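S.K.: Below is protein.txt; it holds compact mmCIF, C-alpha atoms and all ligand atoms.
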# COMPACT_ATOMS: atom_id res chain seq x y z
CA MET A 666 152.76 144.52 186.12
CA LYS A 667 149.81 142.80 184.48
CA LYS A 668 147.48 144.94 186.44
CA ILE A 669 149.05 148.14 185.23
CA ILE A 670 146.83 148.61 182.28
CA PHE A 671 146.52 152.06 180.91
CA SER A 672 143.94 154.07 179.09
CA LEU A 673 143.04 157.68 179.03
CA LEU A 674 139.46 157.05 180.10
CA LEU A 675 138.98 158.90 183.29
CA THR A 676 137.66 156.80 186.06
CA VAL A 677 134.60 158.33 187.62
CA GLY A 678 134.14 157.63 191.25
CA ALA A 679 134.84 158.60 194.76
CA VAL A 680 138.19 160.17 195.57
CA SER A 681 139.84 157.56 197.65
CA THR A 682 142.43 158.66 200.13
CA ALA A 683 145.33 156.63 201.38
CA SER A 684 144.00 153.12 201.55
CA ALA A 685 144.31 150.61 204.32
CA VAL A 686 146.15 148.20 202.06
CA GLU A 687 149.66 147.28 203.24
CA GLY A 688 152.33 148.10 200.65
CA ASP A 689 155.13 145.70 199.70
CA ALA A 690 158.28 147.49 198.51
CA GLU A 691 159.63 144.42 196.69
CA ALA A 692 156.42 144.01 194.70
CA GLY A 693 156.43 147.77 194.12
CA LYS A 694 159.90 147.63 192.62
CA VAL A 695 158.67 145.28 189.93
CA LYS A 696 155.59 147.38 189.24
CA ALA A 697 157.70 150.55 189.05
CA GLY A 698 159.42 149.42 185.84
CA VAL A 699 157.20 151.58 183.68
CA CYS A 700 157.59 154.62 185.96
CA GLY A 701 161.36 154.64 185.51
CA ALA A 702 161.14 156.16 182.05
CA CYS A 703 160.11 159.44 183.61
CA HIS A 704 160.87 159.24 187.32
CA GLY A 705 164.13 157.28 187.13
CA ALA A 706 164.48 153.63 188.18
CA THR A 707 164.90 154.56 191.82
CA GLY A 708 162.63 157.61 191.84
CA ILE A 709 165.15 160.28 190.92
CA ASN A 710 165.37 161.97 187.57
CA PRO A 711 167.42 165.18 187.40
CA ASN A 712 165.25 166.36 184.50
CA PRO A 713 163.21 169.14 186.11
CA THR A 714 160.00 168.14 184.33
CA TYR A 715 159.53 165.15 186.63
CA PRO A 716 159.14 165.17 190.39
CA ASP A 717 161.49 162.99 192.43
CA LEU A 718 159.62 160.21 194.19
CA ALA A 719 162.52 158.73 196.17
CA GLY A 720 162.05 159.16 199.90
CA GLN A 721 158.66 160.81 199.50
CA HIS A 722 156.07 160.01 202.19
CA GLU A 723 154.36 156.73 201.33
CA ALA A 724 150.84 157.94 202.09
CA TYR A 725 151.36 161.03 199.97
CA ILE A 726 152.41 158.97 196.94
CA VAL A 727 149.42 156.67 197.35
CA LYS A 728 147.03 159.61 197.59
CA GLN A 729 148.49 161.29 194.47
CA LEU A 730 148.11 158.07 192.47
CA ALA A 731 144.51 157.69 193.65
CA ASP A 732 143.84 161.31 192.68
CA PHE A 733 145.36 160.89 189.21
CA LYS A 734 143.18 157.80 188.83
CA SER A 735 139.97 159.50 189.96
CA GLY A 736 140.67 162.64 187.97
CA ALA A 737 140.84 164.80 191.11
CA ARG A 738 144.39 165.63 190.03
CA THR A 739 144.90 165.97 186.31
CA ASP A 740 148.02 165.46 184.27
CA VAL A 741 148.19 164.21 180.72
CA MET A 742 151.16 161.96 181.46
CA MET A 743 150.10 160.59 184.83
CA ALA A 744 146.40 159.96 184.07
CA PRO A 745 147.04 156.97 181.79
CA MET A 746 149.71 155.67 184.18
CA ALA A 747 147.33 155.58 187.14
CA THR A 748 144.05 154.59 185.52
CA ASN A 749 144.31 150.88 186.04
CA LEU A 750 146.38 150.70 189.19
CA SER A 751 144.62 148.75 191.93
CA ASP A 752 144.76 149.84 195.59
CA GLN A 753 147.38 147.13 196.09
CA ASP A 754 149.48 148.41 193.16
CA MET A 755 149.40 151.94 194.58
CA ALA A 756 150.35 150.76 198.05
CA ASP A 757 153.24 148.71 196.65
CA LEU A 758 154.49 151.59 194.51
CA GLY A 759 154.23 153.96 197.47
CA ALA A 760 156.19 151.55 199.66
CA PHE A 761 158.90 151.11 197.04
CA PHE A 762 159.53 154.78 196.26
CA ALA A 763 159.26 155.81 199.92
CA SER A 764 161.99 153.28 200.76
CA GLN A 765 164.48 154.79 198.28
CA LYS A 766 167.10 157.29 199.40
CA ARG A 767 166.46 160.91 198.53
CA ALA A 768 168.85 162.58 196.08
CA SER A 769 170.43 164.60 198.89
CA GLU A 770 171.21 161.41 200.82
CA ARG A 771 173.11 159.79 197.99
CA ALA A 772 176.84 160.28 197.72
CA ASP A 773 176.77 159.39 194.04
CA ALA A 774 173.58 161.27 193.27
CA PRO A 775 173.48 162.97 189.91
CA ALA A 776 173.77 166.74 190.21
CA ALA A 777 170.41 168.45 190.02
CA ASP A 778 171.06 170.43 186.89
CA ASN A 779 169.58 170.21 183.45
CA ASN A 780 172.57 168.63 181.84
CA ALA A 781 173.18 165.88 184.34
CA PRO A 782 172.71 162.31 183.16
CA ALA A 783 169.32 160.78 183.85
CA ALA A 784 169.08 157.85 186.22
CA VAL A 785 167.91 155.48 183.50
CA ALA A 786 170.15 155.09 180.50
CA ALA A 787 170.81 152.36 178.01
CA PRO A 788 174.33 151.01 178.08
CA GLY A 789 176.57 151.89 175.18
CA ASN A 790 175.19 155.31 174.36
CA VAL A 791 174.91 156.97 177.71
CA GLU A 792 176.27 160.34 176.64
CA VAL A 793 173.73 160.94 173.96
CA VAL A 794 170.66 159.30 175.42
CA THR A 795 170.75 161.27 178.58
CA SER A 796 171.12 164.69 177.07
CA THR A 797 168.08 166.82 177.56
CA ALA A 798 166.70 168.14 174.29
CA ALA A 799 168.04 171.59 175.05
CA LYS A 800 171.49 170.28 175.70
CA ALA A 801 171.56 168.28 172.50
CA ILE A 802 170.37 171.25 170.49
CA TYR A 803 172.97 173.56 171.94
CA ALA A 804 175.66 170.90 171.94
CA GLY A 805 174.99 170.31 168.26
CA ASP A 806 175.89 172.87 165.65
CA VAL A 807 173.22 173.36 163.00
CA LYS A 808 175.57 174.65 160.33
CA SER A 809 178.11 171.88 160.59
CA GLY A 810 175.22 169.42 160.83
CA GLN A 811 174.04 170.66 157.46
CA GLU A 812 177.50 170.13 155.94
CA LYS A 813 177.67 166.63 157.36
CA SER A 814 174.20 165.79 156.04
CA ALA A 815 175.37 165.74 152.42
CA MET A 816 175.65 161.95 152.47
CA CYS A 817 172.13 161.60 153.91
CA VAL A 818 170.32 163.63 151.24
CA ALA A 819 169.81 160.77 148.79
CA CYS A 820 167.46 158.98 151.19
CA HIS A 821 166.29 161.54 153.74
CA GLY A 822 165.97 164.59 151.45
CA ALA A 823 167.93 167.85 151.60
CA ASP A 824 165.81 169.19 154.48
CA GLY A 825 165.04 165.85 156.17
CA ASN A 826 161.71 165.39 154.41
CA SER A 827 162.21 162.05 152.74
CA LEU A 828 159.96 161.49 149.74
CA VAL A 829 160.39 157.72 149.79
CA ALA A 830 157.92 156.01 152.12
CA MET A 831 160.44 153.45 153.41
CA TYR A 832 162.79 156.21 154.62
CA PRO A 833 161.82 158.19 157.70
CA LYS A 834 161.37 161.93 157.70
CA LEU A 835 163.87 163.46 160.12
CA ALA A 836 162.71 167.09 159.84
CA GLY A 837 161.43 168.52 163.11
CA GLN A 838 162.30 165.38 165.10
CA SER A 839 163.97 166.08 168.45
CA ALA A 840 167.75 166.46 168.28
CA SER A 841 168.41 164.17 171.24
CA TYR A 842 166.19 161.41 169.81
CA LEU A 843 167.96 161.62 166.43
CA ALA A 844 171.41 161.58 168.04
CA LYS A 845 170.35 158.56 170.13
CA GLN A 846 169.23 156.67 167.02
CA LEU A 847 172.54 157.34 165.28
CA ALA A 848 174.44 156.17 168.36
CA ASP A 849 172.21 153.09 168.56
CA PHE A 850 172.83 152.19 164.90
CA LYS A 851 176.54 152.54 165.57
CA SER A 852 176.56 150.45 168.76
CA GLY A 853 174.27 147.84 167.21
CA ALA A 854 171.48 148.47 169.73
CA ARG A 855 169.33 149.29 166.70
CA LYS A 856 169.96 147.29 163.57
CA ASP A 857 169.58 148.31 159.97
CA PRO A 858 171.83 147.17 157.12
CA VAL A 859 171.69 150.56 155.40
CA MET A 860 172.08 152.86 158.38
CA VAL A 861 174.90 150.89 159.97
CA GLY A 862 177.13 151.84 157.05
CA MET A 863 176.10 155.49 157.28
CA VAL A 864 177.02 155.95 160.92
CA ALA A 865 180.26 153.96 161.05
CA GLY A 866 182.41 157.07 160.63
CA LEU A 867 180.34 159.45 162.76
CA SER A 868 181.67 160.82 166.04
CA GLU A 869 179.37 161.75 168.89
CA LYS A 870 179.80 165.40 167.91
CA ASP A 871 178.77 164.58 164.32
CA MET A 872 175.63 162.87 165.64
CA GLN A 873 174.69 165.86 167.74
CA ASP A 874 175.33 168.27 164.87
CA LEU A 875 173.20 166.16 162.53
CA GLY A 876 170.45 165.93 165.17
CA ALA A 877 170.51 169.70 165.65
CA PHE A 878 170.34 170.34 161.90
CA TYR A 879 167.32 168.09 161.31
CA ALA A 880 165.56 169.23 164.47
CA VAL A 881 165.29 172.79 163.18
CA GLN A 882 163.94 171.81 159.75
CA THR A 883 160.20 172.11 159.08
CA PRO A 884 158.42 168.80 158.54
CA THR A 885 156.04 168.50 155.60
CA GLU A 886 152.42 167.62 156.40
CA GLY A 887 151.37 164.01 156.61
CA VAL A 888 149.66 162.47 153.60
CA GLY A 889 148.27 159.35 155.32
CA GLU A 890 144.70 158.12 155.00
CA ALA A 891 143.46 158.98 158.52
CA SER A 892 141.52 156.49 160.65
CA GLU A 893 138.91 156.91 163.33
CA ILE A 894 139.71 153.54 164.85
CA GLY A 895 143.37 154.48 164.87
CA GLN A 896 142.58 157.80 166.52
CA LYS A 897 140.60 156.06 169.29
CA LEU A 898 143.42 153.65 169.98
CA TYR A 899 145.95 156.45 169.94
CA PHE A 900 144.07 158.51 172.52
CA GLY A 901 142.42 155.79 174.59
CA GLY A 902 144.64 152.75 174.31
CA ASP A 903 142.92 149.42 174.84
CA ALA A 904 142.37 148.60 178.49
CA LYS A 905 141.25 145.03 177.75
CA LYS A 906 144.45 144.19 175.94
CA GLY A 907 146.60 146.33 178.19
CA VAL A 908 147.66 148.70 175.41
CA THR A 909 148.90 152.04 176.77
CA ALA A 910 147.46 155.07 175.02
CA CYS A 911 150.07 156.39 172.60
CA VAL A 912 149.13 159.96 173.53
CA ALA A 913 150.75 159.52 176.94
CA CYS A 914 154.18 159.57 175.36
CA HIS A 915 153.84 160.73 171.76
CA GLY A 916 151.65 163.70 172.65
CA VAL A 917 148.27 165.10 171.67
CA LYS A 918 149.51 166.30 168.29
CA GLY A 919 151.96 163.46 167.75
CA LYS A 920 154.96 165.76 168.24
CA GLY A 921 156.50 163.56 170.94
CA MET A 922 158.15 164.79 174.13
CA ALA A 923 161.71 165.70 173.40
CA HIS A 924 162.79 166.01 177.04
CA ALA A 925 161.67 162.44 177.76
CA GLY A 926 163.10 160.88 174.59
CA PHE A 927 159.67 160.20 173.06
CA PRO A 928 159.88 160.79 169.31
CA GLY A 929 157.38 162.69 167.19
CA ILE A 930 155.37 160.43 164.87
CA ALA A 931 153.03 163.02 163.31
CA GLY A 932 152.98 162.93 159.52
CA GLN A 933 155.75 160.33 159.41
CA ASN A 934 155.86 158.13 156.30
CA ALA A 935 153.38 155.27 156.64
CA ASP A 936 155.57 152.40 155.42
CA TYR A 937 158.30 153.44 157.82
CA LEU A 938 155.91 153.65 160.79
CA LYS A 939 154.47 150.25 160.00
CA LYS A 940 157.89 148.67 159.84
CA GLN A 941 158.94 150.20 163.17
CA ILE A 942 155.89 149.03 165.11
CA ALA A 943 156.20 145.57 163.59
CA SER A 944 159.90 145.54 164.53
CA PHE A 945 159.15 146.48 168.13
CA ARG A 946 156.49 143.75 168.14
CA ASP A 947 158.79 140.98 166.90
CA GLY A 948 161.70 142.35 168.93
CA SER A 949 163.96 143.08 165.97
CA ARG A 950 164.01 146.71 167.15
CA GLY A 951 164.95 146.70 170.82
CA ASN A 952 166.56 150.07 171.52
CA ASP A 953 163.63 151.43 173.54
CA ARG A 954 164.46 152.08 177.19
CA ASN A 955 162.77 149.69 179.62
CA ASP A 956 161.05 147.88 176.71
CA MET A 957 158.60 150.78 176.61
CA MET A 958 157.55 150.27 173.00
CA ARG A 959 158.03 146.51 172.86
CA ASN A 960 155.64 145.98 175.78
CA ILE A 961 152.98 147.90 173.87
CA ALA A 962 153.61 146.68 170.34
CA ILE A 963 153.44 143.03 171.40
CA LYS A 964 149.75 143.52 172.23
CA LEU A 965 148.82 145.09 168.89
CA SER A 966 147.14 143.08 166.11
CA ASP A 967 147.97 143.62 162.44
CA SER A 968 144.80 145.62 161.99
CA ASP A 969 145.52 147.74 165.09
CA ILE A 970 148.87 148.60 163.53
CA ASP A 971 147.33 149.49 160.16
CA GLU A 972 144.75 151.79 161.76
CA LEU A 973 147.32 153.45 164.01
CA VAL A 974 149.69 153.99 161.09
CA ASN A 975 146.90 155.54 158.99
CA TYR A 976 146.07 157.89 161.82
CA MET A 977 149.64 158.91 162.69
CA SER A 978 150.73 159.38 159.09
CA SER A 979 147.72 161.65 158.45
CA LEU A 980 148.59 164.11 161.24
CA LYS A 981 149.60 167.55 160.02
C1 LIG B 1 155.45 159.62 180.78
C2 LIG B 1 156.10 160.13 181.98
C3 LIG B 1 155.64 159.57 183.33
C4 LIG B 1 155.52 158.24 183.70
C5 LIG B 1 155.83 157.02 182.83
C6 LIG B 1 155.11 158.23 185.07
N1 LIG B 1 155.00 159.51 185.53
FE1 LIG B 1 154.47 160.07 187.45
N2 LIG B 1 154.56 162.02 186.91
C7 LIG B 1 154.89 162.48 185.66
C8 LIG B 1 154.75 163.94 185.65
C9 LIG B 1 155.02 164.86 184.47
C10 LIG B 1 154.32 164.31 186.95
C11 LIG B 1 154.01 165.72 187.45
C12 LIG B 1 152.54 165.93 187.23
C13 LIG B 1 152.07 167.32 187.54
O1 LIG B 1 152.71 168.27 187.09
O2 LIG B 1 151.04 167.44 188.23
C14 LIG B 1 154.21 163.08 187.71
C15 LIG B 1 153.82 163.03 189.05
C16 LIG B 1 153.77 161.88 189.81
C17 LIG B 1 153.45 161.82 191.22
C18 LIG B 1 153.13 163.00 192.11
C19 LIG B 1 154.41 163.47 192.76
C20 LIG B 1 154.24 164.68 193.63
O3 LIG B 1 155.24 165.09 194.26
O4 LIG B 1 153.13 165.25 193.71
C21 LIG B 1 153.50 160.51 191.60
C22 LIG B 1 153.26 159.95 192.98
C23 LIG B 1 153.86 159.75 190.42
N3 LIG B 1 154.02 160.61 189.36
C24 LIG B 1 154.01 158.37 190.41
C25 LIG B 1 154.23 157.62 189.25
C26 LIG B 1 154.23 156.18 189.24
C27 LIG B 1 154.06 155.29 190.45
C28 LIG B 1 154.44 155.82 187.92
C29 LIG B 1 154.48 154.41 187.36
C30 LIG B 1 153.28 153.59 187.58
C31 LIG B 1 154.59 157.03 187.15
N4 LIG B 1 154.44 158.10 187.99
C32 LIG B 1 154.86 157.07 185.79
C33 LIG B 1 155.30 161.73 184.58
C34 LIG B 1 155.29 160.35 184.50
C1 LIG B 2 170.67 154.67 151.40
C2 LIG B 2 169.63 155.32 152.14
C3 LIG B 2 170.00 156.05 153.44
C4 LIG B 2 171.01 156.97 153.64
C5 LIG B 2 172.03 157.49 152.63
C6 LIG B 2 170.88 157.41 155.03
N1 LIG B 2 169.82 156.77 155.62
FE1 LIG B 2 169.12 157.12 157.52
N2 LIG B 2 167.72 155.67 157.26
C7 LIG B 2 167.56 154.90 156.12
C8 LIG B 2 166.59 153.85 156.39
C9 LIG B 2 166.13 152.78 155.42
C10 LIG B 2 166.16 154.03 157.73
C11 LIG B 2 165.13 153.18 158.51
C12 LIG B 2 165.83 152.05 159.21
C13 LIG B 2 164.84 151.14 159.90
O1 LIG B 2 163.93 150.67 159.22
O2 LIG B 2 164.98 150.94 161.10
C14 LIG B 2 166.88 155.17 158.25
C15 LIG B 2 166.74 155.68 159.54
C16 LIG B 2 167.40 156.77 160.04
C17 LIG B 2 167.19 157.36 161.33
C18 LIG B 2 166.17 156.92 162.39
C19 LIG B 2 164.94 157.82 162.29
C20 LIG B 2 163.88 157.55 163.30
O3 LIG B 2 162.82 158.19 163.20
O4 LIG B 2 164.07 156.73 164.20
C21 LIG B 2 168.04 158.42 161.45
C22 LIG B 2 168.18 159.36 162.63
C23 LIG B 2 168.80 158.49 160.20
N3 LIG B 2 168.38 157.50 159.37
C24 LIG B 2 169.77 159.45 159.94
C25 LIG B 2 170.60 159.43 158.82
C26 LIG B 2 171.74 160.30 158.66
C27 LIG B 2 172.15 161.38 159.64
C28 LIG B 2 172.32 159.97 157.47
C29 LIG B 2 173.57 160.55 156.86
C30 LIG B 2 174.76 160.52 157.71
C31 LIG B 2 171.51 158.90 156.89
N4 LIG B 2 170.49 158.60 157.74
C32 LIG B 2 171.74 158.32 155.62
C33 LIG B 2 168.19 155.09 154.91
C34 LIG B 2 169.27 155.92 154.70
C1 LIG B 3 155.53 154.91 177.71
C2 LIG B 3 155.85 155.72 176.57
C3 LIG B 3 155.35 155.28 175.18
C4 LIG B 3 154.07 154.93 174.82
C5 LIG B 3 152.83 154.84 175.69
C6 LIG B 3 154.12 154.68 173.39
N1 LIG B 3 155.38 154.89 172.92
FE1 LIG B 3 155.99 154.73 170.99
N2 LIG B 3 157.92 155.15 171.53
C7 LIG B 3 158.33 155.42 172.82
C8 LIG B 3 159.77 155.60 172.82
C9 LIG B 3 160.62 155.92 174.05
C10 LIG B 3 160.22 155.43 171.48
C11 LIG B 3 161.65 155.56 170.95
C12 LIG B 3 162.53 154.44 171.42
C13 LIG B 3 163.96 154.72 171.00
O1 LIG B 3 164.34 154.37 169.90
O2 LIG B 3 164.70 155.32 171.79
C14 LIG B 3 159.02 155.15 170.70
C15 LIG B 3 159.03 154.94 169.32
C16 LIG B 3 157.90 154.75 168.54
C17 LIG B 3 157.90 154.64 167.12
C18 LIG B 3 159.12 154.74 166.20
C19 LIG B 3 159.37 156.19 165.84
C20 LIG B 3 160.54 156.37 164.89
O3 LIG B 3 160.74 157.50 164.43
O4 LIG B 3 161.26 155.41 164.62
C21 LIG B 3 156.59 154.45 166.74
C22 LIG B 3 156.08 154.30 165.32
C23 LIG B 3 155.78 154.43 167.94
N3 LIG B 3 156.61 154.62 169.03
C24 LIG B 3 154.41 154.23 167.97
C25 LIG B 3 153.64 154.14 169.14
C26 LIG B 3 152.23 153.78 169.17
C27 LIG B 3 151.40 153.49 167.92
C28 LIG B 3 151.84 153.78 170.47
C29 LIG B 3 150.47 153.43 171.06
C30 LIG B 3 149.90 152.15 170.68
C31 LIG B 3 153.01 154.14 171.26
N4 LIG B 3 154.08 154.33 170.41
C32 LIG B 3 153.02 154.28 172.64
C33 LIG B 3 157.53 155.52 173.93
C34 LIG B 3 156.16 155.24 173.97
Would you put the structure from the file into structure tokens?

M.R.:
Amino acid sequence: MKKIIFSLLLTVGAVSTASAVEGDAEAGKVKAGVCGACHGATGINPNPTYPDLAGQHEAYIVKQLADFKSGARTDVMMAPMATNLSDQDMADLGAFFASQKRASERADAPAADNNAPAAVAAPGNVEVVTSTAAKAIYAGDVKSGQEKSAMCVACHGADGNSLVAMYPKLAGQSASYLAKQLADFKSGARKDPVMVGMVAGLSEKDMQDLGAFYAVQTPTEGVGEASEIGQKLYFGGDAKKGVTACVACHGVKGKGMAHAGFPGIAGQNADYLKKQIASFRDGSRGNDRNDMMRNIAIKLSDSDIDELVNYMSSLK
């Protein structure tokens, strides 16, 4: 895993084809941890945005990774994933995914429809986590969400635009992400002394309704200071420290990727953002699938965090 260092810098160089390196499926399994967020732990994710890798030809996988790395094949999500893979990493990953059973060969395979559960899910809140954004939005009822939000107004504002910097804005955030957070506060996967009291009486339906209501509200523009250093880190990561570029998951405009469970961070209140990154760094927030955020936050210095927060909170 150490070698899987990401950045958005495109590697210039020859397009290598399938290399002569022998792949080791066991080693590949370990290296595939980070891929699971999108492709599923065993290379199958019923979400139609992501190709299945399970049972794919080994040489084909290796060539695609080399092409994403060289820039011969472009994709905003895969480029940072492939940039720092060595030939050995690619061979190992190819061997691992090729050795997995295809969806059609699995008796217990999730159905290939939009609403089927994803292969990777945190225990305790499976129902909500695995909803696609569309499902959560349609499962939730905006109008009843609004009625249920009465007890949230004091801190999060009537339309989800909290004016207090310690309280997150919820407006415009993806419904499935919001519902997951509420479920996580309830299960204890995410801890906060204030929120735990708020969610105690909420059913799963309430959470989806609340998520749907806030998701359709319009977020106010960010009022942060902006930061060029923060912007560079956000888009390029830090290859030396092994910091993945935030853009890979939180998006070019900071709006997140609802279908993948990556929250929007654009224009979010600065104090809140700072507390969240610090909490991922010290492990006090640990509800991110596959340690996705903790693995990144642990490599950030205090000043990295300040610059990133200034940048993200300034996004419109
Ligand atoms: C943030 C989400 C994300 C992560 C994490 C991710 N991928 Fe991908 N991957 C994608 C998307 C989206 C595509 C489709 C790209 C396209 O449309 O060209 C893709 C395509 C691929 C392909 C090409 C498949 C084909 O049939 O052409 C391979 C191979 C691949 N990914 C391997 C990996 C490996 C190995 C990792 C982990 C090191 C990984 N991916 C991590 C999102 C992701
Ligand atoms: C007394 C103030 C208060 C009230 C009332 C309150 N919240 Fe919160 N909420 C907070 C605080 C503080 C946080 C940040 C917790 C942390 O630091 O992790 C938070 C976080 C959240 C988050 C996570 C947002 C994110 O971006 O991850 C969601 C979702 C949320 N609240 C929804 C609600 C809902 C829905 C209600 C009403 C049922 C509600 N809150 C009532 C103070 C409040
Ligand atoms: C591989 C994908 C990925 C990358 C790269 C990534 N994040 Fe995240 N981030 C996530 C996920 C997933 C969550 C939500 C976890 C949860 O609660 O379910 C998250 C949550 C957050 C949150 C909390 C949002 C909220 O509303 O509470 C902040 C802040 C954040 N990330 C900042 C960053 C920064 C800064 C970077 C770059 C240094 C970064 N992230 C890179 C996946 C990623």

S.K.: Residues near region 760-763 of chain A, anyone? I mean within 10 Å using only C-alpha atoms, not counting same-chain ones fewer than 2 positions away, as a PyMOL selection string.

M.R.: chain A and resi 687-697+706-709+717-727+754-758+765-767

S.K.: Residues of chain A that approach ligand LIG 3 (chain B) to 7 Å or less, counting all atoms listed in the file: could you list each one with the shortest pair of atoms and its distance in Å to one decimal, rows by chain and increasing residue number, as a tab-separated table?

M.R.:
residue	atom	partner	partner_atom	distance
A:Pro833	CA	B:LIG3	O3	6.9
A:Tyr842	CA	B:LIG3	O2	6.6
A:Lys845	CA	B:LIG3	O2	6.7
A:Gln846	CA	B:LIG3	O1	6.1
A:Leu898	CA	B:LIG3	C30	6.7
A:Tyr899	CA	B:LIG3	C29	5.6
A:Gly902	CA	B:LIG3	C30	6.4
A:Val908	CA	B:LIG3	C30	6.3
A:Thr909	CA	B:LIG3	C5	4.9
A:Ala910	CA	B:LIG3	C29	5.2
A:Cys911	CA	B:LIG3	C29	3.4
A:Val912	CA	B:LIG3	C5	6.7
A:Ala913	CA	B:LIG3	C5	5.3
A:Cys914	CA	B:LIG3	C2	4.4
A:His915	CA	B:LIG3	N1	6.2
A:Gly926	CA	B:LIG3	C9	5.6
A:Phe927	CA	B:LIG3	C9	4.5
A:Pro928	CA	B:LIG3	C11	5.8
A:Gly929	CA	B:LIG3	O3	6.8
A:Ile930	CA	B:LIG3	C19	5.9
A:Leu938	CA	B:LIG3	C22	4.6
A:Lys939	CA	B:LIG3	C22	6.9
A:Gln941	CA	B:LIG3	C22	5.4
A:Ile942	CA	B:LIG3	C22	5.3
A:Asn952	CA	B:LIG3	O1	5.1
A:Asp953	CA	B:LIG3	C12	3.8
A:Arg954	CA	B:LIG3	C9	6.3
A:Met957	CA	B:LIG3	C1	5.3
A:Met958	CA	B:LIG3	N1	5.1
A:Ile961	CA	B:LIG3	C30	6.1
A:Ala962	CA	B:LIG3	C30	6.6
A:Leu973	CA	B:LIG3	C27	5.7

S.K.: With only C-alpha atoms and all ligand atoms counted, collect every polymer residue having an atom within 6 Å of ligand LIG 1 (chain B); state the result as a compact mmCIF listing (two decimals) with C-alpha atoms, in the frame of the given file.

M.R.:
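Wrote part_25.txt, looks like this:
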# COMPACT_ATOMS: atom_id res chain seq x y z
CA ALA A 697 157.70 150.55 189.05
CA VAL A 699 157.20 151.58 183.68
CA CYS A 700 157.59 154.62 185.96
CA ALA A 702 161.14 156.16 182.05
CA CYS A 703 160.11 159.44 183.61
CA THR A 714 160.00 168.14 184.33
CA TYR A 715 159.53 165.15 186.63
CA PRO A 716 159.14 165.17 190.39
CA ILE A 726 152.41 158.97 196.94
CA GLN A 729 148.49 161.29 194.47
CA LEU A 730 148.11 158.07 192.47
CA ASP A 740 148.02 165.46 184.27
CA MET A 742 151.16 161.96 181.46
CA MET A 743 150.10 160.59 184.83
CA MET A 746 149.71 155.67 184.18
CA LEU A 758 154.49 151.59 194.51
CA CYS A 914 154.18 159.57 175.36

S.K.: Draw an axis-aligned box over all listed atoms of ligand LIG 2 (chain B), pad each side with 6 Å, and write its centre and edge lengths in Å, one decimal, as AutoDock Vina command-line options.

M.R.:
--center_x 168.8 --center_y 156.0 --center_z 157.8 --size_x 23.9 --size_y 22.7 --size_z 24.8

S.K.: Taking only C-alpha atoms and all ligand atoms into account, produce a table as a tab-separated table in which each residue of chain A with an atom at most 6 Å from an atom of ligand LIG 2 (chain B) appears once, together with its shortest atom pair and the distance in Å to one decimal, ordered by chain and rising number.

M.R.:
residue	atom	partner	partner_atom	distance
A:Ser814	CA	B:LIG2	C29	5.3
A:Met816	CA	B:LIG2	C29	5.1
A:Cys817	CA	B:LIG2	C29	3.4
A:Ala819	CA	B:LIG2	C5	5.5
A:Cys820	CA	B:LIG2	C2	4.4
A:Tyr832	CA	B:LIG2	C8	4.8
A:Pro833	CA	B:LIG2	C19	5.6
A:Leu843	CA	B:LIG2	C22	4.4
A:Gln846	CA	B:LIG2	C22	5.3
A:Leu847	CA	B:LIG2	C22	5.5
A:Asp857	CA	B:LIG2	C12	5.4
A:Val859	CA	B:LIG2	C33	5.7
A:Met860	CA	B:LIG2	FE1	5.3
A:Met863	CA	B:LIG2	C30	5.2
A:Leu875	CA	B:LIG2	C27	5.7

S.K.: Figure out the distance between CA of Gly901 (chain A) and CA of Gln753 (chain A), please, to one decimal in Å.

M.R.: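 Value for the CA of Gln753 (chain A)-CA of Gly901 (chain A) distance: 23.7 Å.
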